[in-house]
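A quick write-up on the structure given underneath.
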Amino acid sequence: VSLQQFSALTEVLFRFLTEPKEVERFLTQLSDFATMNKISLGPLKNIVKSILLVPNGALKRNLSSEQVRADFIALGLSEEKASYFAEQWKVNSPTLTRLAVGQTLMINQLIDMEWKFGVTAGSSELEKVGSIFLQLKLVIKKGSQMENVYIELTLPQFYSFLHEMERVKTSLESFS
Amino acid sequence: QLVSALHNLTRHVVYCSLTRAEDILSLFPENFHQNLKNLLTKIILENISAWRNEAQASQISLPRLVDMDWRVDIKMSSDSISRMAVPTCLLQLKIQEDVALCGNSPVVSALTVELSKETLDTMLEGLGRIRDQLSAVANK
């Protein structure tokens with residue numbers, strides 16, 4: 001495989017790694033590559049599979065691009081190609097790292113929040129009430145399912161909730 | 001029968017929000033004992049705001065927030081990446097189910113929710129908008 005073909009292939013690979021949802025596009029690009037370069041798709045897929053193992057392993061172990069290059073050379077790739085791949089790795093690693101962090105376990109992740117507030121006009125016990133309430137709907141991801149949680153807050157509760165959340169934000173920012 | 005009548009009287013007063021002595025006095029029948037009428041009115045007036053608050057606290061509602069706690073964690077490592085330093089927030093909300101349904105033994109459940117920094121920022125934006133809307137309504 002010439003260097004040019006290798007760099008084209010590497011591009012396809014990295015584009016897939018940075019957008020892992022674009023599986024179809026990746027497969028189409030792979031078969032295009034195969035036909036353009038007169039390589040059969042089957043063995044190409046196998047090679048691609050083994051190549052993909054390297055960046056995934058590198059992410060898990062936080063390897064530098066130097067180490068990625070060394071790994072590839074150890075696997076038998078020529079120096080030129082290994083350096084090219086390592087360069088691409090360095091360029092793409094912020095995106096890849098961000099994706100990996102995004103995949104990290106989150107417990108009961110908050111997905112969405114909706115609200116409405118209104119006035120309680122009357123009830124069976126009090127003819128005229130006139131108190132303001134705030135209703136929050138939190139959409140939470142429990143495992144693979146979404147759950148809706150409805151909560152009512154009084155105004156004082158809302159203000160202290162807002163205050164606490166601002167404190168959380170300050171705290172998070174100081175750690176970033 | 002007496003207790004039931006008293007109960008009805010007090011419920012009526014609370015329901016209609018009668019706060020003036022004359023209004024309450026006018027509820028009694030013509031030939032009611034004068035001193036008893038005044039005594040009852042006085043007692044009712046003393047208790048009316050407490051009763052009103054209690055009625056409001058026990059009216060039907062969606063589950064209510066009773067308490068909240070938070071903590072900030074730093075995620076250091078995971079199965080998909082071995083070294084990182086990502087701060088995340090864990091928020092615990094104590095929620096009490098509808099008081100009217102639970103009677104004397106309210107059920108309080110704790111819900112722990114995790115928020116990333118981005119989610120928190122979006123949430124704060126939403127809360128800010130609520131605050132602005134509330135002040136707009138209050139100033140009308």
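Ligands are numbered from 1 in the order shown, residues from 1 within each chain, and chains are lettered A, B, ... in the order they appear in the structure tokens.
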Listing only residues of chain B within 8 Å of chain A, what is the closest atom pair and its distance in Å (to one decimal) for each, using only C-alpha atoms, sorted by chain and residue number ascending, as CSV?
residue,atom,partner,partner_atom,distance
B:Arg11,CA,A:Glu125,CA,7.3
B:Val14,CA,A:Leu126,CA,6.3
B:Tyr15,CA,A:Leu126,CA,4.1
B:Cys16,CA,A:Glu127,CA,5.7
B:Ser17,CA,A:Leu126,CA,7.3
B:Arg52,CA,A:Leu126,CA,7.5
B:Ala55,CA,A:Glu125,CA,6.4
B:Gln56,CA,A:Leu126,CA,7.7
B:Gln59,CA,A:Ser123,CA,7.1
B:Ser61,CA,A:Glu152,CA,7.4
B:Leu62,CA,A:Glu152,CA,5.7
B:Pro63,CA,A:Ile151,CA,5.2
B:Arg64,CA,A:Glu152,CA,4.7
B:Leu65,CA,A:Leu153,CA,5.9
B:Met68,CA,A:Phe161,CA,7.9
B:Trp70,CA,A:Val168,CA,7.7
B:Arg71,CA,A:Val168,CA,7.8
B:Val72,CA,A:Leu172,CA,6.9
B:Ser78,CA,A:Thr104,CA,6.2
B:Asp79,CA,A:Lys60,CA,7.2
B:Ser80,CA,A:Lys60,CA,5.5
B:Ile81,CA,A:Lys60,CA,4.2
B:Ser82,CA,A:Lys60,CA,5.2
B:Arg83,CA,A:Asn62,CA,6.6
B:Met84,CA,A:Val101,CA,7.9
B:Ala85,CA,A:Ser176,CA,8.0
B:Val86,CA,A:Ser176,CA,7.1
B:Pro87,CA,A:Leu172,CA,6.0
B:Thr88,CA,A:Leu172,CA,7.1
B:Cys89,CA,A:Val168,CA,7.3
B:Ile95,CA,A:Ile151,CA,7.4
B:Thr112,CA,A:Asn108,CA,6.8
B:Val113,CA,A:Asn108,CA,5.0
B:Glu114,CA,A:Gln109,CA,4.8
B:Leu115,CA,A:Leu110,CA,5.9
B:Lys117,CA,A:Leu172,CA,6.9
B:Thr119,CA,A:Leu110,CA,7.3
B:Leu120,CA,A:Lys169,CA,7.1
B:Asp121,CA,A:Lys169,CA,7.5
B:Met123,CA,A:Met113,CA,7.2
B:Leu124,CA,A:Met165,CA,7.1
B:Leu127,CA,A:Leu162,CA,6.6
B:Gly128,CA,A:Leu162,CA,8.0
Test item: residues at most 6 Å from A:Ser83, only C-alpha atoms, excluding those fewer than 3 positions along its chain, as an mmCIF file with N, CA, C and O atoms, in the first residue's frame:
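The new file part.cif reads:
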data_model
loop_
_atom_site.group_PDB
_atom_site.id
_atom_site.type_symbol
_atom_site.label_atom_id
_atom_site.label_comp_id
_atom_site.auth_asym_id
_atom_site.auth_seq_id
_atom_site.Cartn_x
_atom_site.Cartn_y
_atom_site.Cartn_z
ATOM 1 N N ARG A 69 3.284 6.012 17.561
ATOM 2 C CA ARG A 69 4.188 5.768 16.430
ATOM 3 C C ARG A 69 5.016 4.529 16.701
ATOM 4 O O ARG A 69 5.150 3.657 15.839
ATOM 5 N N GLU A 80 7.536 5.882 7.726
ATOM 6 C CA GLU A 80 6.775 6.989 7.136
ATOM 7 C C GLU A 80 5.306 6.927 7.542
ATOM 8 O O GLU A 80 4.718 7.896 8.023
ATOM 9 N N ALA A 86 0.734 8.815 13.479
ATOM 10 C CA ALA A 86 0.939 9.445 14.783
ATOM 11 C C ALA A 86 0.583 10.930 14.724
ATOM 12 O O ALA A 86 -0.016 11.474 15.650
#
Close residues, A:Gln5 itself excluded, 9 Å, only C-alpha atoms, min 5 positions apart in chain, as a PDB file with N, CA, C and O atoms, in the first residue's frame:
ATOM      1  N   THR A  10      -6.164   6.471   6.248  1.00  0.00           N
ATOM      2  CA  THR A  10      -6.093   7.017   7.611  1.00  0.00           C
ATOM      3  C   THR A  10      -7.144   8.101   7.808  1.00  0.00           C
ATOM      4  O   THR A  10      -7.815   8.165   8.838  1.00  0.00           O
ATOM      5  N   PHE A  33     -12.897   3.128  -1.215  1.00  0.00           N
ATOM      6  CA  PHE A  33     -11.446   3.017  -1.174  1.00  0.00           C
ATOM      7  C   PHE A  33     -11.000   1.700  -1.795  1.00  0.00           C
ATOM      8  O   PHE A  33     -10.064   1.624  -2.579  1.00  0.00           O
ATOM      9  N   ASN A  37      -8.736   1.404  -5.234  1.00  0.00           N
ATOM     10  CA  ASN A  37      -7.361   0.900  -5.183  1.00  0.00           C
ATOM     11  C   ASN A  37      -7.248  -0.558  -5.535  1.00  0.00           C
ATOM     12  O   ASN A  37      -6.221  -1.191  -5.344  1.00  0.00           O
TER      13      ASN A  37
END
Problem set entry | Atom pair atom CA of B:Leu90 / atom CA of B:Asp73: separation (Å) | 7.4 Å
Problem set entry | strand (DSSP E or B) positions in chain B, given as a PyMOL selection string | chain B and resi 64-75+86-96+108-115
Can you write out the residues you just picked, keeping N, CA, C and O atoms, as a short mmCIF file (atom, residue, chain, number, x, y, z; two decimals), in the first residue's frame?
data_model
loop_
_atom_site.label_atom_id
_atom_site.label_comp_id
_atom_site.auth_asym_id
_atom_site.auth_seq_id
_atom_site.Cartn_x
_atom_site.Cartn_y
_atom_site.Cartn_z
N ARG B 64 -43.58 17.20 46.25
CA ARG B 64 -42.91 18.44 46.61
C ARG B 64 -41.48 18.24 47.00
O ARG B 64 -41.12 17.25 47.62
N LEU B 65 -40.67 19.24 46.69
CA LEU B 65 -39.27 19.21 47.09
C LEU B 65 -39.21 19.55 48.57
O LEU B 65 -39.75 20.56 48.99
N VAL B 66 -38.56 18.69 49.35
CA VAL B 66 -38.42 19.05 50.75
C VAL B 66 -36.98 19.41 51.11
O VAL B 66 -36.74 20.16 52.03
N ASP B 67 -36.02 18.84 50.39
CA ASP B 67 -34.64 19.19 50.72
C ASP B 67 -33.75 18.91 49.50
O ASP B 67 -34.11 18.11 48.64
N MET B 68 -32.62 19.56 49.47
CA MET B 68 -31.66 19.22 48.42
C MET B 68 -30.24 19.34 48.94
O MET B 68 -29.94 20.17 49.80
N ASP B 69 -29.38 18.49 48.39
CA ASP B 69 -27.96 18.47 48.76
C ASP B 69 -27.16 18.33 47.49
O ASP B 69 -27.64 17.74 46.53
N TRP B 70 -25.93 18.81 47.50
CA TRP B 70 -25.12 18.57 46.32
C TRP B 70 -23.69 18.29 46.70
O TRP B 70 -23.25 18.61 47.81
N ARG B 71 -22.96 17.67 45.76
CA ARG B 71 -21.52 17.56 45.95
C ARG B 71 -20.88 17.56 44.58
O ARG B 71 -21.50 17.18 43.60
N VAL B 72 -19.63 18.00 44.53
CA VAL B 72 -18.88 18.02 43.28
C VAL B 72 -17.80 16.95 43.34
O VAL B 72 -17.04 16.89 44.29
N ASP B 73 -17.80 16.08 42.34
CA ASP B 73 -16.79 15.02 42.26
C ASP B 73 -15.86 15.33 41.10
O ASP B 73 -16.27 16.03 40.16
N ILE B 74 -14.65 14.77 41.15
CA ILE B 74 -13.78 14.86 39.97
C ILE B 74 -13.56 13.46 39.45
O ILE B 74 -13.07 12.60 40.18
N LYS B 75 -13.97 13.23 38.21
CA LYS B 75 -13.79 11.90 37.61
C LYS B 75 -12.35 11.77 37.14
O LYS B 75 -11.88 12.57 36.33
N VAL B 86 -12.25 15.34 35.21
CA VAL B 86 -13.48 16.00 34.79
C VAL B 86 -14.39 16.23 35.99
O VAL B 86 -14.81 15.27 36.63
N PRO B 87 -14.67 17.48 36.31
CA PRO B 87 -15.56 17.71 37.45
C PRO B 87 -17.00 17.43 37.07
O PRO B 87 -17.41 17.66 35.94
N THR B 88 -17.75 16.90 38.00
CA THR B 88 -19.15 16.61 37.75
C THR B 88 -19.93 16.87 39.03
O THR B 88 -19.36 16.86 40.12
N CYS B 89 -21.21 17.14 38.89
CA CYS B 89 -22.00 17.48 40.08
C CYS B 89 -23.03 16.40 40.36
O CYS B 89 -23.70 15.93 39.46
N LEU B 90 -23.14 16.02 41.63
CA LEU B 90 -24.18 15.09 42.04
C LEU B 90 -25.18 15.86 42.88
O LEU B 90 -24.82 16.51 43.86
N LEU B 91 -26.43 15.80 42.48
CA LEU B 91 -27.46 16.57 43.16
C LEU B 91 -28.46 15.60 43.75
O LEU B 91 -28.98 14.72 43.07
N GLN B 92 -28.73 15.74 45.06
CA GLN B 92 -29.70 14.84 45.66
C GLN B 92 -30.94 15.63 46.05
O GLN B 92 -30.87 16.59 46.82
N LEU B 93 -32.08 15.23 45.52
CA LEU B 93 -33.34 15.91 45.81
C LEU B 93 -34.19 15.01 46.68
O LEU B 93 -34.41 13.85 46.36
N LYS B 94 -34.66 15.56 47.81
CA LYS B 94 -35.57 14.77 48.64
C LYS B 94 -36.98 15.20 48.28
O LYS B 94 -37.35 16.37 48.41
N ILE B 95 -37.74 14.23 47.82
CA ILE B 95 -39.06 14.55 47.30
C ILE B 95 -40.13 13.86 48.13
O ILE B 95 -40.03 12.66 48.41
N GLN B 96 -41.15 14.64 48.50
CA GLN B 96 -42.22 14.06 49.27
C GLN B 96 -43.44 13.88 48.38
O GLN B 96 -43.87 14.83 47.72
N VAL B 108 -41.05 9.99 51.74
CA VAL B 108 -40.04 10.87 51.17
C VAL B 108 -39.04 10.01 50.42
O VAL B 108 -38.48 9.07 50.98
N SER B 109 -38.83 10.33 49.16
CA SER B 109 -37.84 9.55 48.42
C SER B 109 -36.68 10.45 48.02
O SER B 109 -36.85 11.66 47.89
N ALA B 110 -35.52 9.85 47.87
CA ALA B 110 -34.35 10.64 47.51
C ALA B 110 -33.98 10.31 46.07
O ALA B 110 -33.89 9.14 45.70
N LEU B 111 -33.78 11.32 45.28
CA LEU B 111 -33.40 11.11 43.88
C LEU B 111 -32.05 11.75 43.67
O LEU B 111 -31.86 12.94 43.94
N THR B 112 -31.09 10.94 43.22
CA THR B 112 -29.76 11.50 42.96
C THR B 112 -29.58 11.65 41.47
O THR B 112 -29.81 10.73 40.71
N VAL B 113 -29.18 12.84 41.06
CA VAL B 113 -29.05 13.15 39.65
C VAL B 113 -27.63 13.63 39.39
O VAL B 113 -27.08 14.37 40.20
N GLU B 114 -27.06 13.21 38.25
CA GLU B 114 -25.72 13.69 37.95
C GLU B 114 -25.80 14.74 36.85
O GLU B 114 -26.51 14.55 35.85
N LEU B 115 -25.07 15.82 37.01
CA LEU B 115 -25.06 16.86 35.98
C LEU B 115 -23.64 17.15 35.56
O LEU B 115 -22.75 17.33 36.38
#
For this session: Extract, using only C-alpha atoms, all DNA, RNA and protein residues at most 12 Å from A:Val91, discarding same-chain residues fewer than 3 positions from it, and format them as a PyMOL selection string.
Result: chain A and resi 11+14-15+18+64-65+84-88+94-97
For this session: Give me every alpha helix (DSSP H) residue in stretch 7-166 of chain A, going by DSSP on the backbone, as a PyMOL selection string.
Result: chain A and resi 7-18+23-36+41-60+65-74+79-102+155-166
Report as a PDB file with N, CA and C atoms, in the first residue's frame all protein, DNA and RNA residues lying within 12 Å of B:Asn47, evaluated on only C-alpha atoms, omitting residues in the same chain fewer than 2 positions from it.
ATOM      1  N   THR B  10     -65.952  25.751  61.551  1.00  0.00           N
ATOM      2  CA  THR B  10     -64.564  26.186  61.330  1.00  0.00           C
ATOM      3  C   THR B  10     -64.160  25.986  59.871  1.00  0.00           C
ATOM      4  N   ARG B  11     -64.571  24.880  59.289  1.00  0.00           N
ATOM      5  CA  ARG B  11     -64.236  24.652  57.877  1.00  0.00           C
ATOM      6  C   ARG B  11     -64.819  25.739  56.993  1.00  0.00           C
ATOM      7  N   VAL B  13     -65.527  28.803  57.842  1.00  0.00           N
ATOM      8  CA  VAL B  13     -64.800  30.063  58.065  1.00  0.00           C
ATOM      9  C   VAL B  13     -63.486  30.057  57.293  1.00  0.00           C
ATOM     10  N   VAL B  14     -62.774  28.941  57.372  1.00  0.00           N
ATOM     11  CA  VAL B  14     -61.482  28.860  56.678  1.00  0.00           C
ATOM     12  C   VAL B  14     -61.688  28.920  55.174  1.00  0.00           C
ATOM     13  N   LEU B  18     -63.041  34.134  56.150  1.00  0.00           N
ATOM     14  CA  LEU B  18     -63.690  35.189  56.931  1.00  0.00           C
ATOM     15  C   LEU B  18     -62.717  35.651  57.987  1.00  0.00           C
ATOM     16  N   THR B  19     -62.400  36.927  57.976  1.00  0.00           N
ATOM     17  CA  THR B  19     -61.422  37.390  58.961  1.00  0.00           C
ATOM     18  C   THR B  19     -62.003  38.418  59.923  1.00  0.00           C
ATOM     19  N   LEU B  40     -66.583  31.757  71.043  1.00  0.00           N
ATOM     20  CA  LEU B  40     -66.249  30.929  69.885  1.00  0.00           C
ATOM     21  C   LEU B  40     -65.592  31.760  68.781  1.00  0.00           C
ATOM     22  N   THR B  41     -66.173  32.944  68.557  1.00  0.00           N
ATOM     23  CA  THR B  41     -65.622  33.809  67.501  1.00  0.00           C
ATOM     24  C   THR B  41     -64.181  34.175  67.818  1.00  0.00           C
ATOM     25  N   LYS B  42     -63.954  34.499  69.113  1.00  0.00           N
ATOM     26  CA  LYS B  42     -62.593  34.889  69.497  1.00  0.00           C
ATOM     27  C   LYS B  42     -61.618  33.744  69.241  1.00  0.00           C
ATOM     28  N   ILE B  43     -62.018  32.538  69.646  1.00  0.00           N
ATOM     29  CA  ILE B  43     -61.117  31.380  69.467  1.00  0.00           C
ATOM     30  C   ILE B  43     -60.860  31.119  67.984  1.00  0.00           C
ATOM     31  N   ILE B  44     -61.933  31.201  67.206  1.00  0.00           N
ATOM     32  CA  ILE B  44     -61.757  30.956  65.768  1.00  0.00           C
ATOM     33  C   ILE B  44     -60.806  31.975  65.157  1.00  0.00           C
ATOM     34  N   LEU B  45     -61.015  33.242  65.511  1.00  0.00           N
ATOM     35  CA  LEU B  45     -60.142  34.271  64.935  1.00  0.00           C
ATOM     36  C   LEU B  45     -58.682  34.040  65.282  1.00  0.00           C
ATOM     37  N   SER B  49     -55.434  31.804  61.076  1.00  0.00           N
ATOM     38  CA  SER B  49     -54.290  31.795  60.147  1.00  0.00           C
ATOM     39  C   SER B  49     -53.533  30.488  60.222  1.00  0.00           C
ATOM     40  N   ALA B  50     -53.464  29.888  61.396  1.00  0.00           N
ATOM     41  CA  ALA B  50     -52.793  28.580  61.502  1.00  0.00           C
ATOM     42  C   ALA B  50     -53.537  27.532  60.683  1.00  0.00           C
ATOM     43  N   TRP B  51     -54.868  27.553  60.780  1.00  0.00           N
ATOM     44  CA  TRP B  51     -55.659  26.588  60.016  1.00  0.00           C
ATOM     45  C   TRP B  51     -55.493  26.792  58.523  1.00  0.00           C
ATOM     46  N   ARG B  52     -55.460  28.041  58.119  1.00  0.00           N
ATOM     47  CA  ARG B  52     -55.312  28.361  56.704  1.00  0.00           C
ATOM     48  C   ARG B  52     -53.987  27.831  56.176  1.00  0.00           C
ATOM     49  N   ASN B  53     -52.927  28.066  56.953  1.00  0.00           N
ATOM     50  CA  ASN B  53     -51.613  27.596  56.516  1.00  0.00           C
ATOM     51  C   ASN B  53     -51.574  26.096  56.412  1.00  0.00           C
ATOM     52  N   GLU B  54     -52.203  25.449  57.380  1.00  0.00           N
ATOM     53  CA  GLU B  54     -52.185  24.000  57.349  1.00  0.00           C
ATOM     54  C   GLU B  54     -52.957  23.480  56.147  1.00  0.00           C
TER      55      GLU B  54
END
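Atom CA of A:Val139 is positioned 26.5 Å from atom CA of B:Ser77.
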